[in-house]
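K.L.:
Sharing run26.cif (mmCIF, C-alpha atoms) below.
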data_final
#
loop_
_atom_site.group_PDB
_atom_site.id
_atom_site.type_symbol
_atom_site.label_atom_id
_atom_site.label_comp_id
_atom_site.auth_asym_id
_atom_site.auth_seq_id
_atom_site.Cartn_x
_atom_site.Cartn_y
_atom_site.Cartn_z
ATOM 1 C CA MET A 1 5.820 17.862 1.001
ATOM 2 C CA ARG A 2 7.440 16.674 4.221
ATOM 3 C CA ALA A 3 9.080 19.058 6.615
ATOM 4 C CA SER A 4 12.677 18.375 7.490
ATOM 5 C CA LEU A 5 13.335 17.277 11.059
ATOM 6 C CA LYS A 6 16.363 19.582 11.130
ATOM 7 C CA LYS A 7 14.114 22.551 10.336
ATOM 8 C CA LEU A 8 11.708 21.904 13.212
ATOM 9 C CA SER A 9 12.225 23.945 16.356
ATOM 10 C CA ARG A 10 12.164 22.530 19.874
ATOM 11 C CA GLU A 11 8.729 24.147 20.287
ATOM 12 C CA GLU A 12 7.458 22.304 17.195
ATOM 13 C CA ILE A 13 8.978 18.961 18.229
ATOM 14 C CA SER A 14 7.742 19.059 21.839
ATOM 15 C CA PRO A 15 4.019 18.380 21.143
ATOM 16 C CA LEU A 16 4.953 15.676 18.613
ATOM 17 C CA ASN A 17 7.119 14.026 21.244
ATOM 18 C CA ARG A 18 4.377 14.194 23.904
ATOM 19 C CA ALA A 19 1.856 12.622 21.513
ATOM 20 C CA LEU A 20 4.302 9.848 20.583
ATOM 21 C CA VAL A 21 4.989 9.022 24.243
ATOM 22 C CA ASP A 22 1.243 9.021 25.021
ATOM 23 C CA HIS A 23 0.608 6.585 22.174
ATOM 24 C CA LEU A 24 3.392 4.313 23.409
ATOM 25 C CA VAL A 25 2.007 4.415 26.966
ATOM 26 C CA SER A 26 -1.462 3.385 25.724
ATOM 27 C CA TRP A 27 -0.048 0.713 23.446
ATOM 28 C CA LEU A 28 2.399 -0.762 25.964
ATOM 29 C CA GLY A 29 -0.072 -0.701 28.828
ATOM 30 C CA PRO A 30 0.664 -1.716 32.386
ATOM 31 C CA GLY A 31 1.221 -5.439 31.642
ATOM 32 C CA VAL A 32 4.548 -5.166 29.835
ATOM 33 C CA ARG A 33 7.403 -6.113 32.140
ATOM 34 C CA THR A 34 10.675 -5.136 30.438
ATOM 35 C CA VAL A 35 11.152 -2.534 27.716
ATOM 36 C CA ALA A 36 14.415 -1.657 26.002
ATOM 37 C CA VAL A 37 14.427 2.072 25.402
ATOM 38 C CA PHE A 38 17.056 4.459 24.065
ATOM 39 C CA ALA A 39 18.554 7.745 25.187
ATOM 40 C CA ASN A 40 17.800 10.118 22.364
ATOM 41 C CA LEU A 41 20.276 11.910 20.191
ATOM 42 C CA PRO A 42 19.330 15.287 18.682
ATOM 43 C CA GLY A 43 16.422 14.766 16.288
ATOM 44 C CA GLU A 44 15.250 11.550 17.961
ATOM 45 C CA PRO A 45 12.178 11.268 20.182
ATOM 46 C CA ASP A 46 12.789 11.692 23.907
ATOM 47 C CA LEU A 47 11.216 8.726 25.703
ATOM 48 C CA GLY A 48 12.242 9.690 29.247
ATOM 49 C CA ASP A 49 8.615 10.346 30.289
ATOM 50 C CA LEU A 50 7.851 6.628 29.866
ATOM 51 C CA HIS A 51 9.470 6.045 33.267
ATOM 52 C CA ARG A 52 7.026 8.403 34.970
ATOM 53 C CA LYS A 53 3.980 7.231 33.027
ATOM 54 C CA LEU A 54 4.678 3.489 33.370
ATOM 55 C CA PRO A 55 6.187 3.207 36.871
ATOM 56 C CA GLU A 56 5.654 -0.569 37.118
ATOM 57 C CA THR A 57 7.594 -1.235 33.905
ATOM 58 C CA SER A 58 11.271 -2.124 34.008
ATOM 59 C CA PHE A 59 13.290 -0.122 31.484
ATOM 60 C CA CYS A 60 16.714 -0.964 30.146
ATOM 61 C CA TYR A 61 19.084 1.116 28.060
ATOM 62 C CA PRO A 62 21.788 -0.023 25.649
ATOM 63 C CA LYS A 63 25.498 0.324 26.233
ATOM 64 C CA VAL A 64 27.968 -0.132 23.387
ATOM 65 C CA VAL A 65 30.549 -2.788 24.251
ATOM 66 C CA GLY A 66 32.837 -3.510 21.313
ATOM 67 C CA ALA A 67 30.557 -4.236 18.364
ATOM 68 C CA ARG A 68 27.557 -5.206 20.531
ATOM 69 C CA LEU A 69 24.827 -3.607 22.579
ATOM 70 C CA ARG A 70 24.359 -4.769 26.141
ATOM 71 C CA PHE A 71 21.240 -3.688 27.994
ATOM 72 C CA HIS A 72 21.142 -2.484 31.606
ATOM 73 C CA ARG A 73 18.142 -1.862 33.877
ATOM 74 C CA THR A 74 17.838 1.834 34.589
ATOM 75 C CA SER A 75 15.145 3.381 36.763
ATOM 76 C CA ASP A 76 16.131 6.988 36.098
ATOM 77 C CA PRO A 77 17.206 8.234 32.656
ATOM 78 C CA LEU A 78 18.980 11.133 34.373
ATOM 79 C CA SER A 79 21.520 8.611 35.736
ATOM 80 C CA LEU A 80 22.865 7.888 32.242
ATOM 81 C CA ARG A 81 26.319 9.190 31.305
ATOM 82 C CA VAL A 82 27.617 10.397 27.954
ATOM 83 C CA ALA A 83 29.763 7.629 26.472
ATOM 84 C CA SER A 84 30.295 6.014 23.053
ATOM 85 C CA PHE A 85 29.334 8.127 20.035
ATOM 86 C CA GLY A 86 28.082 10.897 22.358
ATOM 87 C CA ILE A 87 25.162 8.718 23.460
ATOM 88 C CA ARG A 88 24.013 8.649 27.075
ATOM 89 C CA GLU A 89 24.509 5.118 28.419
ATOM 90 C CA PRO A 90 24.101 3.260 31.705
ATOM 91 C CA ASP A 91 27.090 2.681 33.945
ATOM 92 C CA PRO A 92 27.434 -1.109 34.432
ATOM 93 C CA ASP A 93 28.591 -0.505 38.020
ATOM 94 C CA ASP A 94 25.260 1.169 38.823
ATOM 95 C CA HIS A 95 22.841 -0.609 36.472
ATOM 96 C CA PRO A 96 22.517 -4.412 36.295
ATOM 97 C CA GLU A 97 22.771 -6.053 32.895
ATOM 98 C CA ILE A 98 19.744 -7.855 31.501
ATOM 99 C CA ALA A 99 19.928 -10.626 28.916
ATOM 100 C CA ILE A 100 18.405 -9.660 25.575
ATOM 101 C CA PRO A 101 15.966 -12.643 25.554
ATOM 102 C CA GLU A 102 14.409 -11.260 28.777
ATOM 103 C CA ILE A 103 13.265 -8.082 27.008
ATOM 104 C CA ASP A 104 9.555 -7.960 26.036
ATOM 105 C CA VAL A 105 9.630 -4.885 23.767
ATOM 106 C CA VAL A 106 12.574 -3.215 22.034
ATOM 107 C CA LEU A 107 12.024 0.442 21.143
ATOM 108 C CA CYS A 108 14.470 1.203 18.331
ATOM 109 C CA PRO A 109 15.699 4.585 17.134
ATOM 110 C CA GLY A 110 16.442 5.238 13.480
ATOM 111 C CA LEU A 111 17.018 7.896 10.870
ATOM 112 C CA ALA A 112 14.045 6.653 8.828
ATOM 113 C CA PHE A 113 11.550 3.787 8.725
ATOM 114 C CA ALA A 114 9.240 2.288 6.109
ATOM 115 C CA PRO A 115 5.750 0.868 6.723
ATOM 116 C CA ASP A 116 7.040 -2.618 5.873
ATOM 117 C CA GLY A 117 9.329 -2.481 8.928
ATOM 118 C CA VAL A 118 12.617 -1.576 7.270
ATOM 119 C CA ARG A 119 14.751 0.602 9.533
ATOM 120 C CA LEU A 120 17.533 2.906 8.434
ATOM 121 C CA GLY A 121 19.962 3.137 11.330
ATOM 122 C CA ARG A 122 23.254 4.917 11.639
ATOM 123 C CA GLY A 123 25.186 2.220 9.767
ATOM 124 C CA LYS A 124 27.014 0.353 12.530
ATOM 125 C CA GLY A 125 24.530 -2.558 12.844
ATOM 126 C CA PHE A 126 24.292 -2.480 16.650
ATOM 127 C CA TYR A 127 20.517 -2.904 16.789
ATOM 128 C CA ASP A 128 20.508 -5.522 14.008
ATOM 129 C CA ARG A 129 22.982 -7.670 15.959
ATOM 130 C CA ALA A 130 21.085 -7.181 19.231
ATOM 131 C CA LEU A 131 17.716 -8.065 17.679
ATOM 132 C CA GLU A 132 19.195 -11.290 16.269
ATOM 133 C CA LYS A 133 19.535 -12.424 19.899
ATOM 134 C CA ALA A 134 16.009 -11.427 20.943
ATOM 135 C CA ARG A 135 13.529 -14.193 21.612
ATOM 136 C CA PRO A 136 11.061 -15.050 18.826
ATOM 137 C CA GLY A 137 8.001 -12.828 18.852
ATOM 138 C CA VAL A 138 9.599 -9.947 20.754
ATOM 139 C CA ARG A 139 7.978 -6.693 19.675
ATOM 140 C CA ARG A 140 10.453 -4.559 17.715
ATOM 141 C CA VAL A 141 9.122 -1.026 17.558
ATOM 142 C CA GLY A 142 10.616 1.612 15.310
ATOM 143 C CA VAL A 143 10.221 4.919 17.137
ATOM 144 C CA CYS A 144 10.328 8.133 15.142
ATOM 145 C CA PHE A 145 8.372 11.173 14.052
ATOM 146 C CA ALA A 146 5.940 10.716 11.149
ATOM 147 C CA LEU A 147 8.089 12.841 8.852
ATOM 148 C CA GLN A 148 10.801 10.153 9.182
ATOM 149 C CA VAL A 149 8.543 7.467 7.680
ATOM 150 C CA ARG A 150 9.283 6.882 3.999
ATOM 151 C CA ASP A 151 7.227 4.876 1.511
ATOM 152 C CA ASN A 152 10.087 2.418 1.103
ATOM 153 C CA LEU A 153 13.717 1.996 2.070
ATOM 154 C CA PRO A 154 16.384 -0.392 0.835
ATOM 155 C CA ALA A 155 17.016 -3.380 3.066
ATOM 156 C CA ALA A 156 20.141 -5.475 3.410
ATOM 157 C CA LYS A 157 20.038 -9.193 4.138
ATOM 158 C CA HIS A 158 21.176 -8.663 7.756
ATOM 159 C CA ASP A 159 18.610 -5.927 8.534
ATOM 160 C CA GLN A 160 16.164 -6.812 11.283
ATOM 161 C CA LEU A 161 12.618 -5.680 10.502
ATOM 162 C CA MET A 162 10.380 -3.823 12.921
ATOM 163 C CA SER A 163 7.047 -5.359 13.934
ATOM 164 C CA GLN A 164 5.479 -1.965 14.677
ATOM 165 C CA LEU A 165 6.145 1.713 14.032
ATOM 166 C CA ALA A 166 5.392 4.349 16.676
ATOM 167 C CA THR A 167 4.972 8.013 15.751
ATOM 168 C CA GLU A 168 3.012 10.956 17.097
ATOM 169 C CA ASN A 169 0.095 9.591 15.031
ATOM 170 C CA GLY A 170 -0.036 6.249 16.838
ATOM 171 C CA VAL A 171 1.431 2.751 16.831
ATOM 172 C CA THR A 172 0.862 0.713 13.684
ATOM 173 C CA ASP A 173 1.685 -2.893 12.835
ATOM 174 C CA CYS A 174 4.124 -3.692 10.063
ATOM 175 C CA PRO A 175 3.320 -6.634 7.822
ATOM 176 C CA PRO A 176 4.924 -9.911 8.936
ATOM 177 C CA ALA A 177 8.266 -10.661 7.316
ATOM 178 C CA PRO A 178 8.001 -13.091 4.379
#
Would you mind writing the file out in C-alpha cells?
P.N.:
Amino acid sequence: MRASLKKLSREEISPLNRALVDHLVSWLGPGVRTVAVFANLPGEPDLGDLHRKLPETSFCYPKVVGARLRFHRTSDPLSLRVASFGIREPDPDDHPEIAIPEIDVVLCPGLAFAPDGVRLGRGKGFYDRALEKARPGVRRVGVCFALQVRDNLPAAKHDQLMSQLATENGVTDCPPAP
C-alpha cells in the first residue's frame, strides 16, 4: 500500500528529496549545458540544490505568459517571485529569456507519472504546449517521489510523454513512444 504524499511530514520528505536531487546530479553530470527546472509547489520535490551541486549548468525556470510557458535563465532560485497560480517565477526584467529549443533537459513536475512516460499535470496543458516546441531528442524528465508513480495513467492525444522518470530511487528510462 502506498503512503499518501499529503500524509508525509517535512521530516519524512526531506531525505527523499535529497536522494532524488543526488540521483539527478549523477544522471545529469557536468556536461549538460541548459536545464529547465521548476520552483516546487507544496508536495513537489525541491530542486533548488541542483544550482549548488551543478554550478557549471545553466538553469532556467518557467514563467506563465498567457497560455504559454516562457523560460528564463536564473542563477539563484531565491530570486524568484510568487506570481501566477502561487508559483515562484523569474522576473523577465532580471532574468533573460531562453528559447525552448536551446534547452537540453526539461525537468517536469506532475501530480503523478506512469512508467510509460505519461504525466498527469494540473490540467492547464502548459508543459504539453512547451514540450511541443522543444527540439527533437530533448530529455523530458518527470520528477516526483516514488509514491507518485502509478502503474498506468490515462493519456490524451495532446499529452507529451516523458523520456525518463526521476525519483528518490533513481532515474529510469521510459519506453520510446510508439
K.L.:
When distances are computed from all atoms listed in the file, which of A:Pro45, A:Asp94, A:Val37, A:Pro30 shows the smallest separation from Pro15 of chain A?
P.N.:
A:Pro45
K.L.:
In Å to one decimal, how far is atom CA of Ala146 of chain A from atom CA of Arg129 of chain A?
P.N.:
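Going from atom CA of Arg129 of chain A over to atom CA of Ala146 of chain A, I get 25.5 Å.
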K.L.:
Just so the selection is clear, what residues does the PyMOL selection byres ((chain A and resi 115-121) around 8) cover here, as a PyMOL selection string?
P.N.:
chain A and resi 109-114+122-125+142+149-155+159-165+174-175
K.L.:
Would you mind telling me which residue in A:Leu54, A:Phe38, A:Arg33, A:Gly43 lies nearest to Gln148 of chain A when using all atoms listed in the file?
P.N.:
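Among A:Leu54, A:Phe38, A:Arg33, A:Gly43, it is A:Gly43 that comes nearest to Gln148 of chain A.
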K.L.:
Since I can't run it myself right now, could you work out what the PyMOL selection byres ((chain A and resi 25) around 12) selects here and report it as a PyMOL selection string?
P.N.:
chain A and resi 18-24+26-32+35+47-57+166+168+170-171
K.L.:
Could you check which of A:Ser79, A:Ser9, A:Ser58, A:Thr167 is closest to Pro92 of chain A, using all atoms listed in the file?
P.N.:
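So, comparing all the options, the nearest one is A:Ser79.
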K.L.:
For the structure provided, state which residues fall under the PyMOL selection byres ((chain A and resi 78) around 12), and present them as number ranges by chain.
P.N.:
A: 39, 47-49, 51, 61, 74-77, 79-82, 88-91
K.L.:
In Å, with one decimal, what is the gap from atom CA of Arg139 of chain A to atom CA of Asn169 of chain A?
P.N.:
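Computing the Euclidean distance for atom CA of Arg139 of chain A and atom CA of Asn169 of chain A yields 18.7 Å.
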K.L.:
Hey, can you check how far atom CA of Ser84 of chain A sits from atom CA of Pro42 of chain A?
P.N.:
15.0 Å
K.L.:
For Phe85 of chain A, which of A:Arg10, A:Arg135, A:Arg73, A:Lys63 is the closest residue, counting only C-alpha atoms?
P.N.:
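Looking only at the distances to Phe85 of chain A, the closest residue turns out to be A:Lys63.
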K.L.:
Env of Ile103 of chain A: 8 Å cut, atoms = only C-alpha atoms, seq-sep filter 3 positions within chain, self excluded. Answer as a list in words.
P.N.:
Thr34, Val35, Ala36, Ile98, Ala99, Ile100, Val106, Ala134 and Val138 of chain A
